[in-house]
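Taking it in order: structure first as structure tokens, then the write-up.
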Amino acid sequence: MKMPKIHFGYLTLFVALLFAPFIVYPVLMMKVMCFALFACAFNLLLGYTGLLSFGHAVFLGTGAYVTGHVLKEWGWPTELGLLAGTLSASVLGLVIGALAIRRQGIYFAMVTLALAQMVYFLFVQAPFTGGEDGLQGIPRGTLLGVVDLADDQSLYYFVLAICVGAFWLIHRTIHSPFGQILKAVRENEARVVSLGFDVAKYKLVAFVLSATLAGLAGATKVLVFKFATLTDAHWHTSGEVVLMTLLGGMGTAFGPVVGAGVIISLQSELADKVGSLVTVIMGGIFVVCVLAFRRGIVGEASALYQRITGR
Amino acid sequence: MSVSLCEHVRMRSARQDDFILTTNNLTKEFKGFVAVNAVGLKVRRGEIHALIGPNGAGKTTCFNLLTKFLEPTHGTIHFNGIDITHEKSAQIARRGVVRSFQISAVFPHLSVLENVRIALQRGLGTSFHFWKSERTLEVLNERAMSLLTDVGLQEYAQMIAVEMPYGRKRALEIATTLALEPELMLLDEPTQGMGHEDVERVMQLIKKVSANRTILMVEHNMKVVAGISDTITVLARGAVLAEGDYATVAADPQVIEAYMGTEQTEAVAH
Ligand SMILES: Nc1ncnc2c1ncn2[C@@H]1O[C@H](COP(=O)(O)OP(=O)(O)OP(=O)(O)O)[C@@H](O)[C@H]1O
Ligand SMILES: [Mg+2]
């Protein structure tokens, strides 16, 4: 009874997204989609495995830099560029994940932060990232050598396809045999161990999946903006994705999308009106979210819905 | 299956020194405090073996050592003659030593059926398949339901675990543990915090599931201990104080003294 309704909701949204670029500025829409993907990837760890990574921006940044570099300097085709950025994030995810999952709770968060900061420092120093200037003027190229992605409308549908595909993969993962074990780990890790599962391996696979999708978000973002900068890999961005996920509702499939939508639109609306005060406003939202509605927008809404229909 | 008396007697005598689990000099120190002190435990195959002792005696710590949730400071652990002292928790579980926890350990936000299915999933070998639908797990439902029926939870299958009363959660834990068909089941206070009827039900359940396996359980409720255990080991301050059947142990002056001591402190505490 609940499932068809949800499917209907997704379908409506999909149709809306198909027509959105005729109404809303497509670049803003694409930015929202990239961050929505990033937040969904993050939520796979926090919401469904119970792991708080505080260095996730480094995967976004890696995806962005690698894709930007191979497109600009090596002239790779767009598809290969995206693949290179995404896979680099997977490899980095494997390394950081393998080191971090030995620790629990707050220590896990600290190890991810520390390792991400180390990689960030590398990005500052390494010549291929362009340091403080970043990589500018990255070509979008063409899709399969046919569709010119320089056109915002065409790129929009390409980005939409990527995000829908990734969202489907996340949905599949959550509702898979593997996803069941992840949820069990989130609920009671010791019990899963006592049932004979090597929990560390499950966490690592989840971490790599999450890093990969975060890398894909970064790689896609580079196509949208045609540049990659240190901001993508900065810990501020790691914090932002936590905020998006909590605001939208962690552990809900769609919460991070809503969270990303709200935060990105607020930022773009407020940026020229209040300037740097936007940081304070974001902080305020965070506090309200944590204090007043912990389940996030989607979590609270569905709880409300259940209360109404339950009676 | 009918076993002749003669055979039965022979099996019984063979069992006398057929130990499924043995520990030697098992010791755990926490920063100088010795929680488990040179424990030599011998659990006979097929028995219900109770581990009792006053609060803080080291029973749970002992369980944590046996299942490697804690690393022993000294000593060895053998299961079926194999040295498992240096194996990992999950590995020991896969050998057939499965434990429960003192505080209820269900997966609260999964359904009762899903709880049992998690344990059954290992046998399917698809636990890493993130690209498959969870519908592929439905082949396990029948087995899961039959386990739930064994513990009397069949009507609760679709309920979210957290919504069940406490006693039922403990029963669910037993069903989940049984799903792995463990050779040796370690139960840490299976009847703790239960009402009278629940205690009786869980006691019968343990008796029932002990049919073709060995059970080592920590238990405070003396009615349960006296009712179903074959051998009892008494721990006090980390060390073995006495061992034997209920009559032997209950008559031991040292045991009486150890328990008198705590009964008084408990009376004060409550
Ligand atoms: N991780 C730990 N660090 C330090 N001390 C510990 C630790 N775990 C247990 N202890 C101590 O070891 C002693 C034995 O604890 P344990 O939990 O094994 O007792 P128990 O026999 O299970 O008691 P109860 O009947 O209350 O469950 C206690 O004094 C406890 O405080
Ligand atoms: Mg205990």
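Naming scheme: A, B, ... for chains in displayed order of the structure tokens; residues 1 onward per chain; ligands 1 onward as shown.
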Chain B residues near ligand 2 within 12 Å, closest pair each, using only C-alpha atoms and all ligand atoms, as a tab-separated table:
residue	atom	partner	partner_atom_place_in_ligand_line	distance
B:Ala35	CA	ligand 2	1 (Mg)	11.5
B:Leu51	CA	ligand 2	1 (Mg)	10.4
B:Ile52	CA	ligand 2	1 (Mg)	9.7
B:Gly53	CA	ligand 2	1 (Mg)	9.5
B:Pro54	CA	ligand 2	1 (Mg)	9.4
B:Asn55	CA	ligand 2	1 (Mg)	7.1
B:Gly56	CA	ligand 2	1 (Mg)	6.9
B:Ala57	CA	ligand 2	1 (Mg)	8.1
B:Gly58	CA	ligand 2	1 (Mg)	7.0
B:Lys59	CA	ligand 2	1 (Mg)	5.4
B:Thr60	CA	ligand 2	1 (Mg)	4.0
B:Thr61	CA	ligand 2	1 (Mg)	7.1
B:Cys62	CA	ligand 2	1 (Mg)	9.0
B:Phe63	CA	ligand 2	1 (Mg)	8.7
B:Asn64	CA	ligand 2	1 (Mg)	9.8
B:Ser100	CA	ligand 2	1 (Mg)	11.5
B:Phe101	CA	ligand 2	1 (Mg)	8.8
B:Gln102	CA	ligand 2	1 (Mg)	6.2
B:Ile103	CA	ligand 2	1 (Mg)	9.0
B:Leu187	CA	ligand 2	1 (Mg)	10.6
B:Asp188	CA	ligand 2	1 (Mg)	6.9
B:Glu189	CA	ligand 2	1 (Mg)	7.5
B:Pro190	CA	ligand 2	1 (Mg)	11.0
B:Gln192	CA	ligand 2	1 (Mg)	10.3
B:Met217	CA	ligand 2	1 (Mg)	10.8
B:Val218	CA	ligand 2	1 (Mg)	7.6
B:Glu219	CA	ligand 2	1 (Mg)	9.0
B:His220	CA	ligand 2	1 (Mg)	9.6
B:Leu235	CA	ligand 2	1 (Mg)	11.5
B:Gly238	CA	ligand 2	1 (Mg)	11.9
Margin query: If DSSP is run on the backbone, what residues of segment 1-240 of chain B are strand (DSSP E or B)? A reply as a PyMOL selection string would be ideal.
Written below: chain B and resi 19-30+33-39+42-44+48-52+74-79+82-83+97-99+111+160+184-188+214-218+231-236+239-240
Legend entry - All residues 9 Å or closer to segment 24-35 of chain A, only C-alpha atoms, same chain fewer than 2 positions away omitted, as number ranges by chain: A: 17, 20-22, 37-40, 152-153, 155-156, 159-160, 163, 214, 216-218, 220-221, 224-225, 241, 244, 256-257, 260-265, 268
Lys201 of chain A proximity check over B:Ile82, B:Tyr259, B:Val34, B:Ser127, using only C-alpha atoms: winner is B:Ser127
task = Name all residues at most 10 Å from His86 of chain B (count only C-alpha atoms; drop same-chain ones fewer than 3 positions away) and give them as a PyMOL selection string.
result = chain B and resi 68+71-72+76-77+83+89+92
Select, as a PDB file with N, CA and C atoms, in the first residue's frame, those residues of chain B with any atom no more than 7 Å from chain A (distances computed using only C-alpha atoms).
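Below is the file that was written, iface_2.pdb:
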ATOM      1  N   SER B  89      36.362 -13.257  16.691  1.00  0.00           N
ATOM      2  CA  SER B  89      34.980 -13.532  17.112  1.00  0.00           C
ATOM      3  C   SER B  89      34.144 -14.175  16.014  1.00  0.00           C
ATOM      4  N   ALA B  90      34.158 -13.548  14.838  1.00  0.00           N
ATOM      5  CA  ALA B  90      33.289 -14.028  13.760  1.00  0.00           C
ATOM      6  C   ALA B  90      33.694 -15.438  13.336  1.00  0.00           C
ATOM      7  N   GLN B  91      34.998 -15.687  13.368  1.00  0.00           N
ATOM      8  CA  GLN B  91      35.529 -17.001  12.997  1.00  0.00           C
ATOM      9  C   GLN B  91      35.040 -18.068  13.989  1.00  0.00           C
ATOM     10  N   ALA B  93      32.399 -17.895  15.791  1.00  0.00           N
ATOM     11  CA  ALA B  93      30.965 -18.089  15.555  1.00  0.00           C
ATOM     12  C   ALA B  93      30.755 -19.052  14.398  1.00  0.00           C
ATOM     13  N   ARG B  94      31.574 -18.918  13.358  1.00  0.00           N
ATOM     14  CA  ARG B  94      31.413 -19.797  12.194  1.00  0.00           C
ATOM     15  C   ARG B  94      31.791 -21.237  12.515  1.00  0.00           C
ATOM     16  N   VAL B  98      28.095 -19.944  19.280  1.00  0.00           N
ATOM     17  CA  VAL B  98      27.332 -18.716  19.110  1.00  0.00           C
ATOM     18  C   VAL B  98      26.786 -18.263  20.458  1.00  0.00           C
ATOM     19  N   ARG B  99      26.928 -16.995  20.726  1.00  0.00           N
ATOM     20  CA  ARG B  99      26.567 -16.462  22.030  1.00  0.00           C
ATOM     21  C   ARG B  99      25.351 -15.553  21.952  1.00  0.00           C
ATOM     22  N   ALA B 105      19.760  -8.436  22.677  1.00  0.00           N
ATOM     23  CA  ALA B 105      20.489  -8.079  21.470  1.00  0.00           C
ATOM     24  C   ALA B 105      19.708  -8.468  20.226  1.00  0.00           C
ATOM     25  N   PHE B 107      17.855  -6.796  16.568  1.00  0.00           N
ATOM     26  CA  PHE B 107      17.999  -5.647  15.682  1.00  0.00           C
ATOM     27  C   PHE B 107      16.680  -4.894  15.775  1.00  0.00           C
ATOM     28  N   PRO B 108      16.639  -3.828  16.604  1.00  0.00           N
ATOM     29  CA  PRO B 108      15.352  -3.260  17.011  1.00  0.00           C
ATOM     30  C   PRO B 108      14.457  -2.785  15.873  1.00  0.00           C
ATOM     31  N   ILE B 118      18.614 -12.508   9.096  1.00  0.00           N
ATOM     32  CA  ILE B 118      20.003 -12.033   9.077  1.00  0.00           C
ATOM     33  C   ILE B 118      20.944 -13.209   9.356  1.00  0.00           C
ATOM     34  N   ALA B 119      20.601 -13.980  10.378  1.00  0.00           N
ATOM     35  CA  ALA B 119      21.447 -15.119  10.730  1.00  0.00           C
ATOM     36  C   ALA B 119      21.462 -16.159   9.614  1.00  0.00           C
ATOM     37  N   THR B 126      25.170 -14.712  -0.258  1.00  0.00           N
ATOM     38  CA  THR B 126      24.986 -13.516  -1.094  1.00  0.00           C
ATOM     39  C   THR B 126      25.045 -12.244  -0.266  1.00  0.00           C
ATOM     40  N   SER B 127      25.657 -12.350   0.897  1.00  0.00           N
ATOM     41  CA  SER B 127      25.591 -11.223   1.823  1.00  0.00           C
ATOM     42  C   SER B 127      26.336  -9.981   1.337  1.00  0.00           C
ATOM     43  N   PHE B 128      27.206 -10.147   0.342  1.00  0.00           N
ATOM     44  CA  PHE B 128      27.879  -8.962  -0.200  1.00  0.00           C
ATOM     45  C   PHE B 128      27.218  -8.466  -1.481  1.00  0.00           C
ATOM     46  N   HIS B 129      26.174  -9.147  -1.928  1.00  0.00           N
ATOM     47  CA  HIS B 129      25.577  -8.797  -3.218  1.00  0.00           C
ATOM     48  C   HIS B 129      24.677  -7.577  -3.105  1.00  0.00           C
ATOM     49  N   PHE B 130      25.271  -6.423  -3.343  1.00  0.00           N
ATOM     50  CA  PHE B 130      24.496  -5.192  -3.188  1.00  0.00           C
ATOM     51  C   PHE B 130      23.651  -4.893  -4.432  1.00  0.00           C
ATOM     52  N   TRP B 131      23.872  -5.663  -5.490  1.00  0.00           N
ATOM     53  CA  TRP B 131      23.125  -5.428  -6.732  1.00  0.00           C
ATOM     54  C   TRP B 131      21.879  -6.298  -6.833  1.00  0.00           C
ATOM     55  N   LYS B 132      21.678  -7.176  -5.849  1.00  0.00           N
ATOM     56  CA  LYS B 132      20.509  -8.063  -5.897  1.00  0.00           C
ATOM     57  C   LYS B 132      19.365  -7.497  -5.081  1.00  0.00           C
ATOM     58  N   SER B 133      18.172  -7.918  -5.434  1.00  0.00           N
ATOM     59  CA  SER B 133      17.013  -7.464  -4.684  1.00  0.00           C
ATOM     60  C   SER B 133      16.909  -8.233  -3.369  1.00  0.00           C
ATOM     61  N   GLU B 134      16.359  -7.573  -2.361  1.00  0.00           N
ATOM     62  CA  GLU B 134      16.174  -8.274  -1.085  1.00  0.00           C
ATOM     63  C   GLU B 134      15.101  -9.347  -1.205  1.00  0.00           C
ATOM     64  N   LEU B 137      15.928 -12.904  -0.722  1.00  0.00           N
ATOM     65  CA  LEU B 137      16.042 -13.470   0.628  1.00  0.00           C
ATOM     66  C   LEU B 137      14.780 -14.227   1.032  1.00  0.00           C
TER      67      LEU B 137
END
>> Quick one: residues within 9 Å of Ala175 of chain B, only C-alpha atoms, excluding same-chain residues fewer than 2 positions away - as a list in words?
In response: Val116, Ala144, Leu147, Leu148, Asp150, Val151, Arg170, Ala171, Leu172, Glu173, Thr177, Leu178 and Ala179 of chain B
- Which of segment 19-259 of chain B counts as helix (DSSP H, G or I) under DSSP, as a PyMOL selection string please? chain B and resi 59-66+89-95+112-124+134-150+154-156+161-163+166-178+196-212+222-228+246-251+253-259
Open item on the list: Would you pick out the contacts of Lys72 of chain A at 9 Å or less, using only C-alpha atoms, so that residues sharing its chain but fewer than 3 positions from it are not included, and give the list as a list in words?
Closed with: Thr67, Gly68, His69, Gly75, Trp76, Leu135, Gln136, Gly137, Ile138 and Pro139 of chain A
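Here the question is which of B:Leu241, B:Val224, B:Leu124, B:Ala236 gets nearest to ligand 1 using only C-alpha atoms and all ligand atoms, and that residue is B:Ala236.
With only C-alpha atoms and all ligand atoms as the basis for measurement, B:Glu29 is the residue among B:Asp18, B:Glu29, B:Glu47, B:Glu183 that approaches ligand 1 most closely.
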**Prompt:** What lies within 10 Å of segment 207-215 of chain B using only C-alpha atoms, ignoring chain neighbours under 4 positions off, as a VMD selection string?
**Reply:** chain B and resid 20 to 21 43 to 50 97 to 99 150 to 151 174 to 175 178 181 to 187 201 to 203 227 to 229
Saved selection, atoms kept: N, CA and C atoms, as a compact mmCIF listing (two decimals), in the first residue's frame:
# COMPACT_ATOMS: atom_id res chain seq x y z
N ILE B 20 33.60 -30.58 24.87
CA ILE B 20 33.48 -29.77 23.65
C ILE B 20 34.30 -28.49 23.78
N LEU B 21 34.33 -27.98 25.00
CA LEU B 21 35.06 -26.73 25.23
C LEU B 21 35.91 -26.87 26.48
N VAL B 43 33.58 -28.11 29.51
CA VAL B 43 32.16 -28.25 29.20
C VAL B 43 31.95 -29.56 28.44
N ARG B 44 31.15 -30.42 29.05
CA ARG B 44 30.92 -31.74 28.46
C ARG B 44 29.92 -31.67 27.32
N ARG B 45 30.21 -32.40 26.26
CA ARG B 45 29.35 -32.39 25.08
C ARG B 45 27.93 -32.86 25.41
N GLY B 46 26.95 -32.12 24.90
CA GLY B 46 25.56 -32.53 25.06
C GLY B 46 24.90 -32.06 26.34
N GLU B 47 25.67 -31.44 27.22
CA GLU B 47 25.10 -31.03 28.51
C GLU B 47 24.57 -29.61 28.48
N ILE B 48 23.77 -29.31 29.51
CA ILE B 48 23.49 -27.91 29.83
C ILE B 48 24.37 -27.58 31.02
N HIS B 49 25.29 -26.69 30.79
CA HIS B 49 26.28 -26.36 31.81
C HIS B 49 26.00 -24.94 32.28
N ALA B 50 25.79 -24.77 33.57
CA ALA B 50 25.49 -23.43 34.08
C ALA B 50 26.73 -22.81 34.71
N VAL B 97 30.26 -21.79 17.69
CA VAL B 97 30.10 -21.29 19.06
C VAL B 97 29.37 -19.96 18.97
N VAL B 98 28.10 -19.94 19.28
CA VAL B 98 27.33 -18.72 19.11
C VAL B 98 26.79 -18.26 20.46
N ARG B 99 26.93 -16.99 20.73
CA ARG B 99 26.57 -16.46 22.03
C ARG B 99 25.35 -15.55 21.95
N ASP B 150 9.21 -22.47 16.55
CA ASP B 150 9.87 -23.19 17.64
C ASP B 150 9.89 -22.40 18.93
N VAL B 151 10.05 -21.10 18.84
CA VAL B 151 10.12 -20.30 20.07
C VAL B 151 8.79 -19.61 20.35
N ILE B 174 17.02 -16.10 20.94
CA ILE B 174 17.30 -17.54 20.92
C ILE B 174 17.02 -18.10 19.52
N ALA B 175 15.93 -17.65 18.91
CA ALA B 175 15.61 -18.12 17.56
C ALA B 175 16.72 -17.73 16.59
N LEU B 178 19.68 -19.88 17.21
CA LEU B 178 19.42 -21.25 16.73
C LEU B 178 19.52 -21.36 15.21
N GLU B 181 22.37 -22.98 13.87
CA GLU B 181 22.55 -24.35 14.31
C GLU B 181 23.87 -24.54 15.04
N PRO B 182 24.07 -23.78 16.09
CA PRO B 182 25.36 -23.84 16.78
C PRO B 182 25.55 -25.17 17.51
N GLU B 183 26.77 -25.61 17.53
CA GLU B 183 27.09 -26.81 18.29
C GLU B 183 27.11 -26.48 19.77
N LEU B 184 27.62 -25.28 20.04
CA LEU B 184 27.69 -24.81 21.42
C LEU B 184 27.04 -23.44 21.50
N MET B 185 26.05 -23.34 22.38
CA MET B 185 25.32 -22.09 22.52
C MET B 185 25.68 -21.48 23.86
N LEU B 186 26.09 -20.21 23.85
CA LEU B 186 26.40 -19.53 25.11
C LEU B 186 25.30 -18.52 25.39
N LEU B 187 24.59 -18.71 26.48
CA LEU B 187 23.49 -17.82 26.81
C LEU B 187 23.82 -17.03 28.07
N ARG B 201 8.70 -20.35 30.37
CA ARG B 201 8.67 -20.64 28.95
C ARG B 201 10.09 -20.74 28.37
N VAL B 202 10.93 -19.78 28.75
CA VAL B 202 12.30 -19.78 28.23
C VAL B 202 13.06 -20.99 28.75
N MET B 203 12.78 -21.36 29.99
CA MET B 203 13.45 -22.53 30.56
C MET B 203 13.09 -23.79 29.77
N GLY B 227 16.66 -26.60 37.78
CA GLY B 227 15.72 -27.31 36.93
C GLY B 227 16.34 -27.99 35.71
N ILE B 228 17.26 -27.32 35.03
CA ILE B 228 17.69 -27.89 33.76
C ILE B 228 19.18 -28.16 33.60
N SER B 229 20.03 -27.70 34.54
CA SER B 229 21.45 -27.87 34.22
C SER B 229 22.01 -29.20 34.72
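Atom pair atom CA of Glu132 of chain A / atom CA of Thr237 of chain A: separated by 16.3 Å.
With only C-alpha atoms and all ligand atoms as the atoms that count, the residue of B:Asn37, B:Asn25, B:Asn141, B:Ser146 with the shortest distance to ligand 1 is B:Asn37.
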